[in-house]
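*Asks:* Okay, handing you the structure first.
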Amino acid sequence: MGRGPDAVGTRAQTELLASATRTGHTLAALIASWLGSFSESADTRGAYSRDLREYLDWCTRRALDPLGVRLPEVQMYGAELAATTNPRTGRPPAASTRARKLAAVSSFYTYLVRAGAIDANPARDAARPRYDRRHSPTASVSAEQASAMLAGSRDYRHRTLGAQASALVMALLIDLGVRVSELCDADLSDLGQREGMRVLTVRMKGGKVRTRPIPHALHGVLDAYLEQRPNADTDALVITRDGHRVNRHQIYRLVQAMAAQAGVAMPQRITPHSMRHTFNTIARQHGAALEDRRDALGHSSAAVTQLYDHVALSLSRDPAHLVSRATASREEPENGGAGTPLG
């Protein structure tokens, strides 16, 4: 009986997706066609698919026909997004995340208008959260903490990954700065040789492909993993103990566990994407040119890479450091800080 509402909701959404629109296509078919327009970016397609599924679930729970809603309903959805606490972080979604979710909904409705399924986009004029695009909320870790995370991964007993797989995952995230989706999608056939170096071909956002060198320091980590890699009928590079391709949730849990073990403050805020920021920060600190960092990270422009720089640069250059050094240089009062009484 306790599962009744879930079963009812699942059945209602199944019926919704199977229902025919005025074009003669089912809603599921229109969704598939819309998602197909993002063929050059698997990440965008995946994020928009999850965002739309979340929106349709919201409509289903409120007995709303998503093809019949108006602006007020979309505004209500946006307001609930802002008020909903993420059980993993204990905080509501970031403004940028909420803006993306509403953009996904609006994009889908725009497609439905073009397809002739509805007359107008009810999300077109919905208020979007404002946020500073020059600021990244992504937390990062220091070079010392990153080194500790790498060391800890070599002996960590992950629930589904072997120690060698855990070590390789962390090395690729930190030392190459790959995206979690790129790591999950990597195949054994993406390993190779070029110009006398071992390389990994990475399929990035927007259909871009980059060949990245595997630094010599990573050869031992890679070879140790390949030697013990379970026999499985899959070409996936990183697989679990039972032979399945690693997924983003397993990597997410690994990164947070390594952050906690390394003594990183608020490890629940550290994500696989944090490792890309860490890669960029360490590379910049050691003299890597902006253009080289942009190319390695697969960014569309230097401005995106500089966004990764923004937090580290502003924090290290904040005048607070100068002020604190100046105030610390003064002699401490005697008698444990007791001085002339105020007033």
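The way I read the labels, and the way they are meant: chains A, B, ... in the order of the structure tokens, residue 1 as the first residue of every chain, and ligand 1 as the first ligand shown, with later ones counted on from there.
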Name the residues of stretch 111-242 of chain A that fall into strand (DSSP E) according to DSSP on the backbone, using the chain letters and numbers of this document, as a list of chain:residue names.
*Replies:*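 Matching residues, listed in order: A:Leu191, A:Gly192, A:Gln193, A:Arg194, A:Met197, A:Arg198, A:Val199, A:Leu200, A:Thr201, A:Val202, A:Arg203, A:Val209, A:Arg210, A:Thr211, A:Arg212, A:Pro213.
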*Asks:* Could those selected residues go to a file with all heavy atoms, as a compact mmCIF listing (two decimals), in the first residue's frame?
*Replies:*
# COMPACT_ATOMS: atom_id res chain seq x y z
N LEU A 191 42.83 4.09 -26.07
CA LEU A 191 44.24 4.10 -25.70
C LEU A 191 45.08 3.89 -26.95
O LEU A 191 44.71 3.12 -27.84
CB LEU A 191 44.55 3.00 -24.67
CG LEU A 191 43.88 3.13 -23.30
CD1 LEU A 191 44.13 1.86 -22.48
CD2 LEU A 191 44.42 4.35 -22.55
N GLY A 192 46.22 4.56 -27.02
CA GLY A 192 47.07 4.39 -28.19
C GLY A 192 48.45 4.98 -27.99
O GLY A 192 48.86 5.29 -26.87
N GLN A 193 49.15 5.13 -29.10
CA GLN A 193 50.50 5.70 -29.11
C GLN A 193 50.55 6.79 -30.18
O GLN A 193 49.98 6.64 -31.25
CB GLN A 193 51.53 4.62 -29.45
CG GLN A 193 51.68 3.51 -28.43
CD GLN A 193 52.74 3.82 -27.39
OE1 GLN A 193 53.51 4.76 -27.55
NE2 GLN A 193 52.77 3.02 -26.33
N ARG A 194 51.23 7.87 -29.86
CA ARG A 194 51.44 8.93 -30.85
C ARG A 194 52.71 9.70 -30.47
O ARG A 194 52.87 10.06 -29.30
CB ARG A 194 50.24 9.88 -30.93
CG ARG A 194 50.41 10.97 -31.98
CD ARG A 194 49.16 11.83 -32.12
NE ARG A 194 48.01 11.06 -32.61
CZ ARG A 194 46.84 11.60 -32.87
NH1 ARG A 194 46.64 12.90 -32.67
NH2 ARG A 194 45.84 10.86 -33.33
N MET A 197 54.54 8.68 -27.45
CA MET A 197 53.88 8.80 -26.16
C MET A 197 52.61 7.97 -26.13
O MET A 197 51.95 7.79 -27.15
CB MET A 197 53.53 10.27 -25.87
CG MET A 197 54.71 11.18 -25.64
SD MET A 197 54.18 12.89 -25.27
CE MET A 197 53.61 13.39 -26.90
N ARG A 198 52.28 7.48 -24.95
CA ARG A 198 50.99 6.82 -24.77
C ARG A 198 49.93 7.91 -24.68
O ARG A 198 50.15 8.95 -24.04
CB ARG A 198 51.01 5.96 -23.50
CG ARG A 198 52.02 4.84 -23.58
CD ARG A 198 52.13 4.08 -22.27
NE ARG A 198 50.98 3.20 -22.04
CZ ARG A 198 50.93 2.31 -21.05
NH1 ARG A 198 51.95 2.20 -20.20
NH2 ARG A 198 49.87 1.54 -20.89
N VAL A 199 48.80 7.68 -25.31
CA VAL A 199 47.77 8.72 -25.38
C VAL A 199 46.39 8.12 -25.10
O VAL A 199 46.18 6.91 -25.18
CB VAL A 199 47.76 9.40 -26.77
CG1 VAL A 199 49.07 10.11 -27.04
CG2 VAL A 199 47.47 8.38 -27.88
N LEU A 200 45.48 9.02 -24.79
CA LEU A 200 44.07 8.68 -24.62
C LEU A 200 43.25 9.62 -25.47
O LEU A 200 43.35 10.84 -25.33
CB LEU A 200 43.65 8.80 -23.15
CG LEU A 200 42.16 8.59 -22.85
CD1 LEU A 200 41.77 7.14 -23.10
CD2 LEU A 200 41.82 9.00 -21.42
N THR A 201 42.44 9.08 -26.36
CA THR A 201 41.54 9.89 -27.17
C THR A 201 40.28 10.16 -26.36
O THR A 201 39.62 9.24 -25.89
CB THR A 201 41.19 9.18 -28.48
OG1 THR A 201 42.38 8.99 -29.25
CG2 THR A 201 40.20 10.02 -29.30
N VAL A 202 39.96 11.43 -26.19
CA VAL A 202 38.84 11.84 -25.35
C VAL A 202 37.76 12.47 -26.22
O VAL A 202 38.04 13.38 -27.01
CB VAL A 202 39.31 12.86 -24.28
CG1 VAL A 202 38.13 13.30 -23.42
CG2 VAL A 202 40.39 12.24 -23.41
N ARG A 203 36.54 11.98 -26.08
CA ARG A 203 35.41 12.55 -26.81
C ARG A 203 34.75 13.59 -25.91
O ARG A 203 34.16 13.26 -24.87
CB ARG A 203 34.42 11.44 -27.20
CG ARG A 203 34.98 10.50 -28.25
CD ARG A 203 34.02 9.39 -28.58
NE ARG A 203 33.86 8.45 -27.49
CZ ARG A 203 34.69 7.44 -27.25
NH1 ARG A 203 35.75 7.28 -28.01
NH2 ARG A 203 34.46 6.61 -26.25
N VAL A 209 36.94 16.07 -30.40
CA VAL A 209 37.79 14.95 -30.01
C VAL A 209 39.18 15.50 -29.75
O VAL A 209 39.71 16.28 -30.54
CB VAL A 209 37.83 13.86 -31.10
CG1 VAL A 209 38.80 12.75 -30.71
CG2 VAL A 209 36.44 13.29 -31.34
N ARG A 210 39.77 15.11 -28.63
CA ARG A 210 41.13 15.52 -28.30
C ARG A 210 41.96 14.28 -27.98
O ARG A 210 41.48 13.33 -27.38
CB ARG A 210 41.15 16.45 -27.07
CG ARG A 210 40.55 17.81 -27.29
CD ARG A 210 41.45 18.71 -28.11
NE ARG A 210 40.92 20.07 -28.16
CZ ARG A 210 40.00 20.49 -29.02
NH1 ARG A 210 39.51 19.62 -29.91
NH2 ARG A 210 39.58 21.74 -29.01
N THR A 211 43.21 14.31 -28.41
CA THR A 211 44.15 13.27 -28.05
C THR A 211 45.02 13.81 -26.93
O THR A 211 45.75 14.80 -27.13
CB THR A 211 45.01 12.85 -29.25
OG1 THR A 211 44.16 12.33 -30.28
CG2 THR A 211 46.01 11.78 -28.84
N ARG A 212 44.95 13.21 -25.77
CA ARG A 212 45.66 13.69 -24.60
C ARG A 212 46.82 12.74 -24.27
O ARG A 212 46.64 11.51 -24.29
CB ARG A 212 44.72 13.76 -23.38
CG ARG A 212 43.48 14.64 -23.58
CD ARG A 212 43.82 16.11 -23.70
NE ARG A 212 44.65 16.56 -22.59
CZ ARG A 212 44.19 16.78 -21.36
NH1 ARG A 212 42.89 16.60 -21.08
NH2 ARG A 212 45.00 17.20 -20.39
N PRO A 213 47.98 13.28 -23.94
CA PRO A 213 49.09 12.42 -23.55
C PRO A 213 48.85 11.84 -22.16
O PRO A 213 48.28 12.50 -21.29
CB PRO A 213 50.29 13.38 -23.55
CG PRO A 213 49.69 14.72 -23.24
CD PRO A 213 48.35 14.72 -23.92
*Asks:* Would you give me, as JSON lines, each residue of stretch 198-313 of chain A having an atom within 7 Å of an atom of stretch 176-182 of chain A, along with its shortest atom pair and that distance in Å to one decimal, using only C-alpha atoms and sorting by chain and residue number?
*Replies:*
{"residue": "A:Val202", "atom": "CA", "partner": "A:Glu182", "partner_atom": "CA", "distance": 6.3}
{"residue": "A:Arg203", "atom": "CA", "partner": "A:Glu182", "partner_atom": "CA", "distance": 6.1}
{"residue": "A:Met204", "atom": "CA", "partner": "A:Glu182", "partner_atom": "CA", "distance": 6.3}
{"residue": "A:Arg248", "atom": "CA", "partner": "A:Val180", "partner_atom": "CA", "distance": 6.2}
{"residue": "A:Pro272", "atom": "CA", "partner": "A:Val180", "partner_atom": "CA", "distance": 6.2}
{"residue": "A:His273", "atom": "CA", "partner": "A:Arg179", "partner_atom": "CA", "distance": 6.7}
{"residue": "A:Met275", "atom": "CA", "partner": "A:Gly177", "partner_atom": "CA", "distance": 6.3}
{"residue": "A:Arg276", "atom": "CA", "partner": "A:Gly177", "partner_atom": "CA", "distance": 4.5}
{"residue": "A:Phe279", "atom": "CA", "partner": "A:Gly177", "partner_atom": "CA", "distance": 5.3}
{"residue": "A:Leu297", "atom": "CA", "partner": "A:Gly177", "partner_atom": "CA", "distance": 6.6}
*Asks:* Produce a file of the selected residues containing C-alpha atoms, as a short mmCIF file (atom, residue, chain, number, x, y, z; two decimals), in the first residue's frame.
*Replies:*
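result30.cif, written as the output of this step:
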data_model
loop_
_atom_site.label_atom_id
_atom_site.label_comp_id
_atom_site.auth_asym_id
_atom_site.auth_seq_id
_atom_site.Cartn_x
_atom_site.Cartn_y
_atom_site.Cartn_z
CA VAL A 202 38.84 11.84 -25.35
CA ARG A 203 35.41 12.55 -26.81
CA MET A 204 34.42 15.96 -25.49
CA ARG A 248 29.06 9.02 -12.88
CA PRO A 272 34.34 15.30 -10.23
CA HIS A 273 34.04 18.73 -11.86
CA MET A 275 38.99 18.07 -10.28
CA ARG A 276 38.89 19.97 -13.59
CA PHE A 279 43.81 20.60 -12.92
CA LEU A 297 40.08 21.20 -21.13
#
*Asks:* In stretch 63-278 of chain A, what's helix (DSSP H, G or I) per DSSP? Answer as a compact mmCIF listing (two decimals) with N, CA and C atoms, in the first residue's frame?
*Replies:*
# COMPACT_ATOMS: atom_id res chain seq x y z
N LEU A 71 1.83 30.18 -18.50
CA LEU A 71 2.96 30.80 -17.81
C LEU A 71 2.89 30.64 -16.28
N PRO A 72 1.72 30.83 -15.63
CA PRO A 72 1.69 30.71 -14.15
C PRO A 72 2.19 29.35 -13.65
N GLU A 73 1.86 28.27 -14.35
CA GLU A 73 2.30 26.95 -13.91
C GLU A 73 3.82 26.81 -14.02
N VAL A 74 4.37 27.33 -15.11
CA VAL A 74 5.83 27.26 -15.27
C VAL A 74 6.51 28.09 -14.18
N GLN A 75 5.93 29.25 -13.86
CA GLN A 75 6.47 30.07 -12.77
C GLN A 75 6.42 29.32 -11.44
N MET A 76 5.33 28.59 -11.21
CA MET A 76 5.21 27.79 -10.00
C MET A 76 6.31 26.74 -9.95
N TYR A 77 6.59 26.13 -11.08
CA TYR A 77 7.65 25.12 -11.13
C TYR A 77 9.00 25.75 -10.77
N GLY A 78 9.28 26.91 -11.33
CA GLY A 78 10.53 27.60 -11.03
C GLY A 78 10.63 27.96 -9.55
N ALA A 79 9.52 28.38 -8.97
CA ALA A 79 9.52 28.74 -7.55
C ALA A 79 9.78 27.51 -6.68
N GLU A 80 9.21 26.38 -7.05
CA GLU A 80 9.43 25.16 -6.27
C GLU A 80 10.87 24.67 -6.41
N LEU A 81 11.47 24.87 -7.57
CA LEU A 81 12.88 24.52 -7.74
C LEU A 81 13.74 25.29 -6.74
N ALA A 82 13.43 26.58 -6.59
CA ALA A 82 14.22 27.43 -5.69
C ALA A 82 14.03 27.05 -4.24
N ALA A 83 12.89 26.45 -3.92
CA ALA A 83 12.58 26.13 -2.52
C ALA A 83 12.89 24.69 -2.15
N ALA A 95 21.62 28.79 -8.69
CA ALA A 95 20.85 29.59 -9.65
C ALA A 95 21.15 29.16 -11.08
N SER A 96 22.40 28.83 -11.36
CA SER A 96 22.76 28.40 -12.71
C SER A 96 22.08 27.08 -13.06
N THR A 97 21.94 26.19 -12.08
CA THR A 97 21.27 24.91 -12.32
C THR A 97 19.79 25.12 -12.58
N ARG A 98 19.17 25.99 -11.77
CA ARG A 98 17.74 26.26 -11.98
C ARG A 98 17.51 26.94 -13.33
N ALA A 99 18.42 27.82 -13.71
CA ALA A 99 18.30 28.49 -15.01
C ALA A 99 18.39 27.46 -16.14
N ARG A 100 19.29 26.49 -16.00
CA ARG A 100 19.41 25.46 -17.03
C ARG A 100 18.16 24.61 -17.11
N LYS A 101 17.58 24.26 -15.96
CA LYS A 101 16.36 23.43 -15.96
C LYS A 101 15.21 24.16 -16.66
N LEU A 102 15.08 25.44 -16.38
CA LEU A 102 14.02 26.20 -17.03
C LEU A 102 14.33 26.39 -18.51
N ALA A 103 15.60 26.52 -18.85
CA ALA A 103 15.98 26.63 -20.27
C ALA A 103 15.64 25.35 -21.01
N ALA A 104 15.82 24.21 -20.36
CA ALA A 104 15.47 22.93 -20.98
C ALA A 104 13.98 22.85 -21.26
N VAL A 105 13.18 23.26 -20.28
CA VAL A 105 11.72 23.24 -20.45
C VAL A 105 11.32 24.17 -21.59
N SER A 106 11.89 25.37 -21.60
CA SER A 106 11.57 26.33 -22.65
C SER A 106 12.00 25.83 -24.02
N SER A 107 13.17 25.21 -24.10
CA SER A 107 13.65 24.66 -25.36
C SER A 107 12.70 23.59 -25.89
N PHE A 108 12.20 22.74 -25.00
CA PHE A 108 11.27 21.70 -25.43
C PHE A 108 9.98 22.31 -25.95
N TYR A 109 9.45 23.30 -25.23
CA TYR A 109 8.21 23.93 -25.69
C TYR A 109 8.42 24.65 -27.03
N THR A 110 9.57 25.27 -27.20
CA THR A 110 9.87 25.93 -28.49
C THR A 110 9.84 24.90 -29.62
N TYR A 111 10.40 23.73 -29.34
CA TYR A 111 10.38 22.66 -30.34
C TYR A 111 8.95 22.21 -30.64
N LEU A 112 8.12 22.10 -29.60
CA LEU A 112 6.73 21.68 -29.81
C LEU A 112 5.97 22.69 -30.66
N VAL A 113 6.26 23.98 -30.47
CA VAL A 113 5.62 25.01 -31.30
C VAL A 113 6.03 24.81 -32.76
N ARG A 114 7.31 24.61 -32.99
CA ARG A 114 7.79 24.42 -34.36
C ARG A 114 7.23 23.15 -34.99
N ALA A 115 7.01 22.12 -34.14
CA ALA A 115 6.46 20.87 -34.65
C ALA A 115 4.96 20.93 -34.85
N ALA A 143 46.83 21.71 -4.51
CA ALA A 143 47.71 20.70 -5.09
C ALA A 143 48.06 19.64 -4.05
N GLU A 144 48.28 20.07 -2.81
CA GLU A 144 48.61 19.12 -1.74
C GLU A 144 47.45 18.19 -1.46
N GLN A 145 46.23 18.74 -1.45
CA GLN A 145 45.05 17.91 -1.21
C GLN A 145 44.82 16.96 -2.39
N ALA A 146 45.05 17.44 -3.60
CA ALA A 146 44.91 16.58 -4.77
C ALA A 146 45.89 15.42 -4.71
N SER A 147 47.12 15.70 -4.29
CA SER A 147 48.12 14.65 -4.15
C SER A 147 47.69 13.63 -3.11
N ALA A 148 47.11 14.11 -2.01
CA ALA A 148 46.64 13.20 -0.96
C ALA A 148 45.47 12.35 -1.46
N MET A 149 44.60 12.94 -2.28
CA MET A 149 43.48 12.19 -2.85
C MET A 149 43.98 11.10 -3.78
N LEU A 150 45.00 11.41 -4.57
CA LEU A 150 45.57 10.41 -5.47
C LEU A 150 46.20 9.27 -4.67
N ALA A 151 46.94 9.62 -3.64
CA ALA A 151 47.58 8.60 -2.83
C ALA A 151 46.54 7.72 -2.13
N GLY A 152 45.51 8.34 -1.59
CA GLY A 152 44.49 7.59 -0.88
C GLY A 152 43.72 6.63 -1.77
N SER A 153 43.56 6.98 -3.04
CA SER A 153 42.77 6.14 -3.95
C SER A 153 43.45 4.81 -4.25
N ALA A 163 40.77 -1.32 -6.30
CA ALA A 163 41.70 -0.26 -5.93
C ALA A 163 42.41 0.31 -7.15
N GLN A 164 42.79 -0.57 -8.10
CA GLN A 164 43.49 -0.09 -9.29
C GLN A 164 42.59 0.79 -10.15
N ALA A 165 41.30 0.43 -10.22
CA ALA A 165 40.35 1.24 -10.99
C ALA A 165 40.14 2.58 -10.31
N SER A 166 40.04 2.59 -8.99
CA SER A 166 39.86 3.83 -8.25
C SER A 166 41.05 4.75 -8.47
N ALA A 167 42.26 4.19 -8.44
CA ALA A 167 43.47 4.99 -8.64
C ALA A 167 43.49 5.58 -10.05
N LEU A 168 43.08 4.79 -11.06
CA LEU A 168 43.09 5.29 -12.43
C LEU A 168 42.05 6.39 -12.61
N VAL A 169 40.88 6.21 -12.03
CA VAL A 169 39.83 7.23 -12.13
C VAL A 169 40.32 8.55 -11.58
N MET A 170 40.89 8.54 -10.38
CA MET A 170 41.36 9.77 -9.76
C MET A 170 42.51 10.39 -10.57
N ALA A 171 43.40 9.57 -11.12
CA ALA A 171 44.51 10.08 -11.91
C ALA A 171 44.01 10.77 -13.18
N LEU A 172 43.03 10.19 -13.84
CA LEU A 172 42.51 10.79 -15.07
C LEU A 172 41.75 12.09 -14.77
N LEU A 173 41.03 12.11 -13.65
CA LEU A 173 40.29 13.32 -13.29
C LEU A 173 41.23 14.46 -12.92
N ILE A 174 42.27 14.16 -12.14
CA ILE A 174 43.14 15.22 -11.63
C ILE A 174 44.27 15.55 -12.60
N ASP A 175 44.98 14.54 -13.08
CA ASP A 175 46.17 14.80 -13.89
C ASP A 175 45.87 15.11 -15.35
N VAL A 180 33.74 13.90 -16.14
CA VAL A 180 33.26 12.60 -15.69
C VAL A 180 32.59 11.85 -16.83
N SER A 181 31.88 12.55 -17.70
CA SER A 181 31.23 11.88 -18.84
C SER A 181 32.27 11.33 -19.81
N GLU A 182 33.37 12.05 -19.99
CA GLU A 182 34.44 11.59 -20.88
C GLU A 182 35.10 10.34 -20.33
N LEU A 183 35.24 10.30 -19.01
CA LEU A 183 35.84 9.14 -18.37
C LEU A 183 34.91 7.94 -18.49
N CYS A 184 33.63 8.16 -18.23
CA CYS A 184 32.66 7.06 -18.32
C CYS A 184 32.57 6.52 -19.75
N ASP A 185 32.71 7.39 -20.74
CA ASP A 185 32.55 6.99 -22.14
C ASP A 185 33.83 6.42 -22.75
N LEU A 188 38.63 1.03 -24.23
CA LEU A 188 39.99 0.51 -24.36
C LEU A 188 40.62 0.92 -25.68
N SER A 189 39.79 0.98 -26.72
CA SER A 189 40.29 1.35 -28.05
C SER A 189 40.71 2.81 -28.12
N ASP A 190 40.39 3.61 -27.10
CA ASP A 190 40.81 5.01 -27.08
C ASP A 190 42.25 5.15 -26.60
N LYS A 205 32.60 17.53 -25.19
CA LYS A 205 31.32 18.17 -25.50
C LYS A 205 31.36 18.75 -26.90
N GLY A 206 30.18 18.82 -27.51
CA GLY A 206 30.07 19.44 -28.83
C GLY A 206 30.67 18.61 -29.94
N GLY A 207 30.91 17.32 -29.71
CA GLY A 207 31.44 16.46 -30.75
C GLY A 207 32.94 16.59 -30.96
N HIS A 216 54.06 10.11 -18.06
CA HIS A 216 54.81 8.92 -17.67
C HIS A 216 54.49 8.50 -16.25
N ALA A 217 54.23 9.46 -15.38
CA ALA A 217 53.92 9.13 -13.98
C ALA A 217 52.64 8.32 -13.85
N LEU A 218 51.78 8.35 -14.87
CA LEU A 218 50.53 7.60 -14.83
C LEU A 218 50.64 6.21 -15.43
N HIS A 219 51.77 5.91 -16.08
CA HIS A 219 51.89 4.62 -16.76
C HIS A 219 51.73 3.45 -15.79
N GLY A 220 52.36 3.56 -14.62
CA GLY A 220 52.25 2.48 -13.64
C GLY A 220 50.82 2.29 -13.17
N VAL A 221 50.10 3.39 -12.97
CA VAL A 221 48.70 3.31 -12.53
C VAL A 221 47.85 2.65 -13.60
N LEU A 222 48.07 3.05 -14.86
CA LEU A 222 47.31 2.48 -15.96
C LEU A 222 47.62 1.00 -16.15
N ASP A 223 48.91 0.66 -16.13
CA ASP A 223 49.29 -0.74 -16.34
C ASP A 223 48.78 -1.63 -15.22
N ALA A 224 48.85 -1.15 -13.97
CA ALA A 224 48.35 -1.94 -12.84
C ALA A 224 46.86 -2.22 -13.00
N TYR A 225 46.11 -1.23 -13.50
CA TYR A 225 44.68 -1.45 -13.71
C TYR A 225 44.45 -2.44 -14.85
N LEU A 226 45.15 -2.26 -15.98
CA LEU A 226 44.93 -3.12 -17.13
C LEU A 226 45.28 -4.57 -16.82
N GLU A 227 46.28 -4.79 -15.96
CA GLU A 227 46.68 -6.14 -15.60
C GLU A 227 45.60 -6.87 -14.81
N GLN A 228 44.85 -6.13 -13.99
CA GLN A 228 43.84 -6.79 -13.16
C GLN A 228 42.42 -6.54 -13.65
N ARG A 248 28.72 7.76 -13.52
CA ARG A 248 29.06 9.02 -12.88
C ARG A 248 28.78 8.99 -11.37
N HIS A 249 27.77 8.24 -10.94
CA HIS A 249 27.45 8.20 -9.52
C HIS A 249 28.55 7.49 -8.73
N GLN A 250 29.09 6.43 -9.29
CA GLN A 250 30.19 5.73 -8.62
C GLN A 250 31.42 6.63 -8.53
N ILE A 251 31.69 7.39 -9.58
CA ILE A 251 32.84 8.30 -9.57
C ILE A 251 32.59 9.43 -8.58
N TYR A 252 31.38 9.92 -8.53
CA TYR A 252 31.02 10.99 -7.61
C TYR A 252 31.30 10.56 -6.17
N ARG A 253 30.85 9.36 -5.82
CA ARG A 253 31.06 8.86 -4.46
C ARG A 253 32.55 8.68 -4.16
N LEU A 254 33.30 8.23 -5.15
CA LEU A 254 34.73 8.04 -4.96
C LEU A 254 35.42 9.37 -4.68
N VAL A 255 35.10 10.39 -5.47
CA VAL A 255 35.73 11.70 -5.30
C VAL A 255 35.44 12.27 -3.92
N GLN A 256 34.20 12.19 -3.48
CA GLN A 256 33.86 12.72 -2.16
C GLN A 256 34.55 11.94 -1.04
N ALA A 257 34.65 10.63 -1.20
CA ALA A 257 35.32 9.82 -0.18
C ALA A 257 36.80 10.19 -0.11
N MET A 258 37.42 10.40 -1.27
CA MET A 258 38.84 10.76 -1.29
C MET A 258 39.06 12.16 -0.71
N ALA A 259 38.12 13.06 -0.97
CA ALA A 259 38.23 14.41 -0.42
C ALA A 259 38.14 14.38 1.10
N ALA A 260 37.21 13.60 1.62
CA ALA A 260 37.06 13.48 3.07
C ALA A 260 38.31 12.86 3.69
N GLN A 261 38.84 11.84 3.04
CA GLN A 261 40.02 11.16 3.55
C GLN A 261 41.25 12.06 3.52
N PRO A 267 33.82 18.20 2.36
CA PRO A 267 34.04 17.30 1.22
C PRO A 267 32.78 17.03 0.41
N GLN A 268 31.61 17.26 1.00
CA GLN A 268 30.36 17.04 0.26
C GLN A 268 30.21 18.01 -0.90
N ARG A 269 31.00 19.09 -0.89
CA ARG A 269 30.93 20.06 -1.99
C ARG A 269 31.91 19.73 -3.12
N PRO A 272 33.39 15.57 -9.15
CA PRO A 272 34.34 15.30 -10.23
C PRO A 272 34.70 16.56 -11.02
N HIS A 273 33.74 17.49 -11.15
CA HIS A 273 34.04 18.73 -11.86
C HIS A 273 35.05 19.58 -11.09
N SER A 274 35.09 19.43 -9.77
CA SER A 274 36.08 20.13 -8.96
C SER A 274 37.49 19.76 -9.40
N MET A 275 37.66 18.53 -9.86
CA MET A 275 38.99 18.07 -10.28
C MET A 275 39.46 18.79 -11.54
N ARG A 276 38.52 19.19 -12.40
CA ARG A 276 38.89 19.97 -13.59
C ARG A 276 39.40 21.35 -13.17
N HIS A 277 38.74 21.95 -12.20
CA HIS A 277 39.21 23.24 -11.68
C HIS A 277 40.59 23.08 -11.05
N THR A 278 40.78 21.97 -10.35
CA THR A 278 42.06 21.71 -9.72
C THR A 278 43.15 21.54 -10.77
*Asks:* Rounded to one decimal place, report the atom CA of A:Ala28-atom CA of A:Glu15 distance in Å.
*Replies:*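 Separation of atom CA of A:Ala28 and atom CA of A:Glu15: 10.1 Å.
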*Asks:* For each of A:Asp43, A:Ile214, A:Asp65, A:Ser140, take the minimum atom-to-atom distance to A:Ser19, counting only C-alpha atoms, then give the residue where this is smallest.
*Replies:*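 Nearest candidate to A:Ser19 out of A:Asp43, A:Ile214, A:Asp65, A:Ser140: A:Asp65.
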*Asks:* Take atom CA of A:Leu67 and atom CA of A:Gly116 and report the distance between them in Å, one decimal.
*Replies:* 11.5 Å
*Asks:* If I take atom CA of A:Thr85 and atom CA of A:Leu35, how far is one from the other in Å, to one decimal?
*Replies:*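 Going from atom CA of A:Thr85 over to atom CA of A:Leu35, I get 27.5 Å.
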*Asks:* Which residues are close to A:Gly243, i.e. within 10 Å by only C-alpha atoms, leaving aside same-chain residues fewer than 4 positions away? Reply as a PyMOL selection string.
*Replies:* chain A and resi 160-161+229-234+236+238-239
